[in-house]
Amino acid sequence: GAVVSQHPSWVICKSGTSVKIECRSLDFQATTMFWYRQFPKQSLMLMATSNEGSKATYEQGVEKDKFLINHASLTLSTLTVTSAHPEDSSFYICSAKQGEGTDTQYFGPGTRLTVL
Amino acid sequence: QKEVEQNSGPLSVPEGAIASLNCTYSDRVSQSFFWYRQYSGKSPELIMSIYSNGDKEDGRFTAQLNKASQYVSLLIRDSQPSDSATYLCAVNSGYSTLTFGKGTMLLVSP
């Protein structure tokens with residue numbers, strides 16, 4: 001149980017284009033999902049908390065207009081990197097909580113974004 | 001500001017030895033503690049959670065929590081080369097989010 005998937009696993013795009021990453025909880029309903037970014041040899045950085053049916057809560061310094069988050073169902077959250085630039089190249093990882101009564105987060109496999 | 005501190009390592013141990021990974025946290029009201037393992041280029045994988053003072057064992061892994069001293073540790077018995085990874089300590093202080101340490105790299109040599 002507690003399986004989280006992400007799609008795509010990697011993506012290469014040109015500067016200025018937008019990229020959408022999907023995060024799905026496969027065998028449970030996730031009212032809360034999280035989006036992280038990780039640069040090489042650095043720790044996870046929380047970007048935003050995504051709650052089903054409401055606006056995402058962004059961490060300080062994360063541009064909400066650049067990183068659009070939609071959590072339209074209990075099993076799907078999407079992150080769209082708009083007008084991507086080379087400095088947005090990173091490893092994007094989502095996680096999900098398995099229900100409201102727990103704070104354990106299960107991570108998806110991650111999406112490696114390379115912006116040329 | 002909530003902080004979670006870990007020695008970056010690398011911590012090198014021979015195969016079969018016990019690896020001891022430590023973590024300290026700043027928020028005294030922290031309630032939930034997690035250890036994740038992250039292989040290079042992969043996402044974190046949950047190893048254990050611990051909520052109460054004392055030890056919690058799961059196979060070769062033992063998590064230890066001391067809230068008075070604000071530290072949590074992870075012991076890996078009979079370390080294997082496949083245990084070589086970065087181990088992330090994460091702390092939840094009563095909100096939805098986890099605060100992660102920067103991780104300790106463990107190297108287990110054959």
# chains A, B, ... in the order shown; residues from 1 in each chain; ligands from 1

$ residues_around --residues "segment 48-59 of chain A" --least-positions-apart "4" --cutoff "7 Å" --atoms "only C-alpha atoms" --output "VMD selection string"
chain A and resid 31 to 35 64 69 71 to 74

$ write_last_selection --atoms "N, CA and C atoms" --output "mmCIF file, in the first residue's frame"
data_model
loop_
_atom_site.group_PDB
_atom_site.id
_atom_site.type_symbol
_atom_site.label_atom_id
_atom_site.label_comp_id
_atom_site.auth_asym_id
_atom_site.auth_seq_id
_atom_site.Cartn_x
_atom_site.Cartn_y
_atom_site.Cartn_z
ATOM 1 N N THR A 31 -5.744 13.615 0.741
ATOM 2 C CA THR A 31 -6.280 14.970 0.805
ATOM 3 C C THR A 31 -5.169 16.011 0.766
ATOM 4 N N THR A 32 -3.983 15.607 1.147
ATOM 5 C CA THR A 32 -2.852 16.528 1.152
ATOM 6 C C THR A 32 -1.676 15.909 0.421
ATOM 7 N N MET A 33 -1.139 16.657 -0.521
ATOM 8 C CA MET A 33 0.078 16.264 -1.223
ATOM 9 C C MET A 33 1.079 17.404 -1.109
ATOM 10 N N PHE A 34 2.326 17.064 -1.279
ATOM 11 C CA PHE A 34 3.401 18.038 -1.121
ATOM 12 C C PHE A 34 4.300 17.990 -2.349
ATOM 13 N N TRP A 35 4.836 19.141 -2.688
ATOM 14 C CA TRP A 35 5.785 19.222 -3.794
ATOM 15 C C TRP A 35 7.123 19.726 -3.266
ATOM 16 N N LYS A 64 4.257 31.491 -6.760
ATOM 17 C CA LYS A 64 3.048 30.734 -7.047
ATOM 18 C C LYS A 64 2.587 30.896 -8.488
ATOM 19 N N ILE A 69 -0.009 24.854 -9.016
ATOM 20 C CA ILE A 69 -0.385 23.581 -8.426
ATOM 21 C C ILE A 69 -1.890 23.441 -8.434
ATOM 22 N N HIS A 71 -4.901 20.549 -7.348
ATOM 23 C CA HIS A 71 -5.197 19.285 -6.645
ATOM 24 C C HIS A 71 -6.691 19.037 -6.803
ATOM 25 N N ALA A 72 -7.039 18.581 -7.992
ATOM 26 C CA ALA A 72 -8.448 18.528 -8.370
ATOM 27 C C ALA A 72 -9.179 17.305 -7.837
ATOM 28 N N SER A 73 -8.450 16.281 -7.459
ATOM 29 C CA SER A 73 -9.116 15.083 -6.941
ATOM 30 C C SER A 73 -8.310 14.524 -5.786
ATOM 31 N N LEU A 74 -8.870 13.539 -5.132
ATOM 32 C CA LEU A 74 -8.208 12.957 -3.965
ATOM 33 C C LEU A 74 -7.030 12.070 -4.324
#

$ residues_around --residues "Gln6 of chain B" --least-positions-apart "6" --cutoff "6 Å" --atoms "only C-alpha atoms" --output "ChimeraX atom specification"
/B:23,101,103

$ interface_residues --of "chain B" --to "chain A" --cutoff "12 Å" --atoms "only C-alpha atoms" --output "VMD selection string"
chain B and resid 4 to 6 8 31 to 51 86 to 105

$ atom_distance --atom1 "atom CA of Gln70 of chain B" --atom2 "atom CA of Ser12 of chain B"
24.8 Å

$ residues_around --residues "Thr82 of chain A" --least-positions-apart "3" --cutoff "12 Å" --atoms "only C-alpha atoms" --output "list in words"
Cys13, Lys14, Ser15, Gly16, Thr17, Ser18, Val19, Lys20, Ile21, Glu63, Lys64, Asp65, Lys66, Phe67, Leu68, Ile69, Leu79, His85, Asp88 and Val115 of chain A

$ write_last_selection --atoms "C-alpha atoms" --output "short mmCIF file (atom, residue, chain, number, x, y, z; two decimals), in the first residue's frame"
data_model
loop_
_atom_site.label_atom_id
_atom_site.label_comp_id
_atom_site.auth_asym_id
_atom_site.auth_seq_id
_atom_site.Cartn_x
_atom_site.Cartn_y
_atom_site.Cartn_z
CA CYS A 13 12.23 21.11 -22.59
CA LYS A 14 13.26 24.36 -24.21
CA SER A 15 13.54 27.55 -22.25
CA GLY A 16 10.26 29.42 -22.13
CA THR A 17 8.00 26.42 -22.38
CA SER A 18 5.72 25.06 -19.67
CA VAL A 19 5.94 21.61 -18.18
CA LYS A 20 3.25 19.73 -16.25
CA ILE A 21 4.12 17.03 -13.74
CA GLU A 63 6.62 31.95 -6.89
CA LYS A 64 3.05 30.73 -7.05
CA ASP A 65 2.55 32.19 -10.52
CA LYS A 66 5.50 30.26 -11.82
CA PHE A 67 4.78 26.95 -10.11
CA LEU A 68 1.08 26.30 -10.59
CA ILE A 69 -0.38 23.58 -8.43
CA LEU A 79 2.62 20.93 -10.76
CA HIS A 85 14.31 28.47 -17.54
CA ASP A 88 14.44 25.57 -12.94
CA VAL A 115 15.54 23.03 -19.28
#

$ residues_around --residues "segment 15-18 of chain B" --least-positions-apart "5" --cutoff "8 Å" --atoms "only C-alpha atoms" --output "VMD selection string"
chain B and resid 75 to 81 108 to 110

$ atom_distance --atom1 "atom CA of Leu74 of chain B" --atom2 "atom CA of Leu11 of chain B"
12.8 Å

$ atom_distance --atom1 "atom CA of Ala85 of chain B" --atom2 "atom CA of Arg37 of chain A"
18.7 Å

$ select_by_dssp --residues "chain B" --states "strand (DSSP E)" --output "number ranges by chain"
B: 4-5, 11-14, 19-25, 32-38, 45-50, 54-58, 61-66, 71-76, 85-92, 99-100, 104-109

$ write_last_selection --atoms "C-alpha atoms" --output "JSON list (two decimals), in the first residue's frame"
[["chain", "number", "residue", "atom", "x", "y", "z"],
["B", 4, "VAL", "CA", 16.91, 19.52, 11.86],
["B", 5, "GLU", "CA", 20.62, 18.84, 11.99],
["B", 11, "LEU", "CA", 29.89, 7.69, 7.51],
["B", 12, "SER", "CA", 31.93, 4.70, 6.47],
["B", 13, "VAL", "CA", 31.40, 1.29, 8.05],
["B", 14, "PRO", "CA", 32.50, -2.19, 7.02],
["B", 19, "ALA", "CA", 25.89, 2.00, 11.48],
["B", 20, "SER", "CA", 24.70, 4.75, 13.81],
["B", 21, "LEU", "CA", 23.06, 7.82, 12.34],
["B", 22, "ASN", "CA", 22.13, 10.79, 14.48],
["B", 23, "CYS", "CA", 19.80, 13.73, 14.19],
["B", 24, "THR", "CA", 18.99, 16.67, 16.45],
["B", 25, "TYR", "CA", 16.05, 19.02, 16.16],
["B", 32, "SER", "CA", 6.63, 12.80, 14.98],
["B", 33, "PHE", "CA", 9.97, 11.65, 13.66],
["B", 34, "PHE", "CA", 10.86, 9.84, 10.49],
["B", 35, "TRP", "CA", 13.84, 8.27, 8.83],
["B", 36, "TYR", "CA", 13.97, 8.11, 5.05],
["B", 37, "ARG", "CA", 16.58, 6.48, 2.84],
["B", 38, "GLN", "CA", 17.50, 8.09, -0.45],
["B", 45, "GLU", "CA", 11.86, 5.93, 0.83],
["B", 46, "LEU", "CA", 10.33, 5.69, 4.30],
["B", 47, "ILE", "CA", 12.26, 3.42, 6.64],
["B", 48, "MET", "CA", 10.71, 4.09, 10.02],
["B", 49, "SER", "CA", 8.62, 6.44, 12.06],
["B", 50, "ILE", "CA", 8.82, 6.94, 15.81],
["B", 54, "GLY", "CA", 12.70, 4.86, 23.56],
["B", 55, "ASP", "CA", 13.55, 2.34, 20.90],
["B", 56, "LYS", "CA", 11.56, 1.02, 18.00],
["B", 57, "GLU", "CA", 12.86, -1.95, 16.08],
["B", 58, "ASP", "CA", 12.02, -3.11, 12.58],
["B", 61, "PHE", "CA", 16.73, -1.04, 11.83],
["B", 62, "THR", "CA", 16.25, 0.50, 15.26],
["B", 63, "ALA", "CA", 15.09, 4.06, 15.76],
["B", 64, "GLN", "CA", 15.79, 5.74, 19.07],
["B", 65, "LEU", "CA", 14.07, 8.86, 20.33],
["B", 66, "ASN", "CA", 14.98, 11.08, 23.26],
["B", 71, "TYR", "CA", 17.65, 13.82, 19.29],
["B", 72, "VAL", "CA", 16.65, 10.86, 17.26],
["B", 73, "SER", "CA", 18.94, 8.19, 15.91],
["B", 74, "LEU", "CA", 18.86, 5.26, 13.55],
["B", 75, "LEU", "CA", 20.89, 2.12, 14.04],
["B", 76, "ILE", "CA", 21.44, -0.28, 11.19],
["B", 85, "ALA", "CA", 22.64, 5.73, 0.67],
["B", 86, "THR", "CA", 21.81, 9.09, 2.17],
["B", 87, "TYR", "CA", 19.62, 8.89, 5.26],
["B", 88, "LEU", "CA", 17.24, 11.77, 5.88],
["B", 89, "CYS", "CA", 15.83, 12.62, 9.26],
["B", 90, "ALA", "CA", 12.45, 14.37, 9.18],
["B", 91, "VAL", "CA", 10.48, 15.99, 11.97],
["B", 92, "ASN", "CA", 6.85, 17.03, 12.16],
["B", 99, "THR", "CA", 11.23, 19.52, 8.20],
["B", 100, "PHE", "CA", 14.07, 17.52, 6.70],
["B", 104, "THR", "CA", 23.91, 11.70, 6.24],
["B", 105, "MET", "CA", 25.65, 9.72, 3.55],
["B", 106, "LEU", "CA", 26.37, 6.15, 4.61],
["B", 107, "LEU", "CA", 28.98, 4.06, 2.83],
["B", 108, "VAL", "CA", 29.15, 0.35, 3.62],
["B", 109, "SER", "CA", 32.27, -1.28, 2.27]]

$ residues_around --residues "Val11 of chain A" --least-positions-apart "3" --cutoff "7 Å" --atoms "only C-alpha atoms" --output "MDAnalysis selection string"
chainID A and resid 8 112:114

$ residues_around --residues "Ala2 of chain A" --least-positions-apart "6" --cutoff "9 Å" --atoms "only C-alpha atoms" --output "list of chain:residue names"
A:Ser25, A:Leu26, A:Asp27, A:Phe28, A:Ala96, A:Lys97, A:Gln98, A:Tyr106

$ write_last_selection --atoms "all heavy atoms" --output "mmCIF file, in the first residue's frame"
data_model
loop_
_atom_site.group_PDB
_atom_site.id
_atom_site.type_symbol
_atom_site.label_atom_id
_atom_site.label_comp_id
_atom_site.auth_asym_id
_atom_site.auth_seq_id
_atom_site.Cartn_x
_atom_site.Cartn_y
_atom_site.Cartn_z
ATOM 1 N N SER A 25 -1.737 9.293 -6.137
ATOM 2 C CA SER A 25 -1.739 8.257 -5.101
ATOM 3 C C SER A 25 -2.528 7.079 -5.676
ATOM 4 O O SER A 25 -3.676 7.222 -6.063
ATOM 5 C CB SER A 25 -2.387 8.783 -3.816
ATOM 6 O OG SER A 25 -3.693 9.281 -4.065
ATOM 7 N N LEU A 26 -1.894 5.921 -5.767
ATOM 8 C CA LEU A 26 -2.468 4.813 -6.521
ATOM 9 C C LEU A 26 -3.426 3.955 -5.706
ATOM 10 O O LEU A 26 -4.377 3.393 -6.250
ATOM 11 C CB LEU A 26 -1.348 3.934 -7.077
ATOM 12 C CG LEU A 26 -0.419 4.601 -8.098
ATOM 13 C CD1 LEU A 26 0.550 3.591 -8.678
ATOM 14 C CD2 LEU A 26 -1.197 5.294 -9.206
ATOM 15 N N ASP A 27 -3.181 3.828 -4.420
ATOM 16 C CA ASP A 27 -4.005 2.894 -3.649
ATOM 17 C C ASP A 27 -4.568 3.535 -2.385
ATOM 18 O O ASP A 27 -4.993 2.830 -1.463
ATOM 19 C CB ASP A 27 -3.201 1.639 -3.297
ATOM 20 C CG ASP A 27 -1.877 1.968 -2.630
ATOM 21 O OD1 ASP A 27 -1.570 3.173 -2.461
ATOM 22 O OD2 ASP A 27 -1.149 1.032 -2.283
ATOM 23 N N PHE A 28 -4.598 4.853 -2.368
ATOM 24 C CA PHE A 28 -5.210 5.531 -1.233
ATOM 25 C C PHE A 28 -5.621 6.935 -1.663
ATOM 26 O O PHE A 28 -5.170 7.444 -2.681
ATOM 27 C CB PHE A 28 -4.253 5.596 -0.037
ATOM 28 C CG PHE A 28 -3.019 6.439 -0.259
ATOM 29 C CD1 PHE A 28 -2.941 7.746 0.197
ATOM 30 C CD2 PHE A 28 -1.930 5.903 -0.931
ATOM 31 C CE1 PHE A 28 -1.794 8.506 -0.005
ATOM 32 C CE2 PHE A 28 -0.776 6.657 -1.135
ATOM 33 C CZ PHE A 28 -0.714 7.963 -0.674
ATOM 34 N N ALA A 96 2.652 12.274 -0.572
ATOM 35 C CA ALA A 96 1.245 12.298 -0.182
ATOM 36 C C ALA A 96 1.092 11.722 1.210
ATOM 37 O O ALA A 96 1.838 10.824 1.616
ATOM 38 C CB ALA A 96 0.410 11.495 -1.176
ATOM 39 N N LYS A 97 0.133 12.279 1.930
ATOM 40 C CA LYS A 97 -0.216 11.731 3.238
ATOM 41 C C LYS A 97 -1.369 10.759 3.057
ATOM 42 O O LYS A 97 -2.335 11.044 2.359
ATOM 43 C CB LYS A 97 -0.650 12.840 4.194
ATOM 44 C CG LYS A 97 0.452 13.678 4.720
ATOM 45 C CD LYS A 97 0.071 14.368 6.021
ATOM 46 C CE LYS A 97 -1.229 15.098 5.949
ATOM 47 N NZ LYS A 97 -1.612 15.678 7.252
ATOM 48 N N GLN A 98 -1.261 9.635 3.748
ATOM 49 C CA GLN A 98 -2.279 8.607 3.629
ATOM 50 C C GLN A 98 -3.382 8.878 4.653
ATOM 51 O O GLN A 98 -3.509 8.188 5.656
ATOM 52 C CB GLN A 98 -1.654 7.234 3.848
ATOM 53 C CG GLN A 98 -2.560 6.065 3.514
ATOM 54 C CD GLN A 98 -1.858 4.735 3.744
ATOM 55 O OE1 GLN A 98 -0.816 4.670 4.382
ATOM 56 N NE2 GLN A 98 -2.416 3.656 3.240
ATOM 57 N N TYR A 106 4.515 9.646 1.944
ATOM 58 C CA TYR A 106 5.067 8.679 1.010
ATOM 59 C C TYR A 106 5.416 9.412 -0.274
ATOM 60 O O TYR A 106 4.602 10.180 -0.796
ATOM 61 C CB TYR A 106 4.071 7.558 0.746
ATOM 62 C CG TYR A 106 3.777 6.742 1.986
ATOM 63 C CD1 TYR A 106 2.701 7.078 2.806
ATOM 64 C CD2 TYR A 106 4.586 5.680 2.357
ATOM 65 C CE1 TYR A 106 2.442 6.356 3.968
ATOM 66 C CE2 TYR A 106 4.330 4.950 3.511
ATOM 67 C CZ TYR A 106 3.253 5.298 4.309
ATOM 68 O OH TYR A 106 2.998 4.589 5.450
#
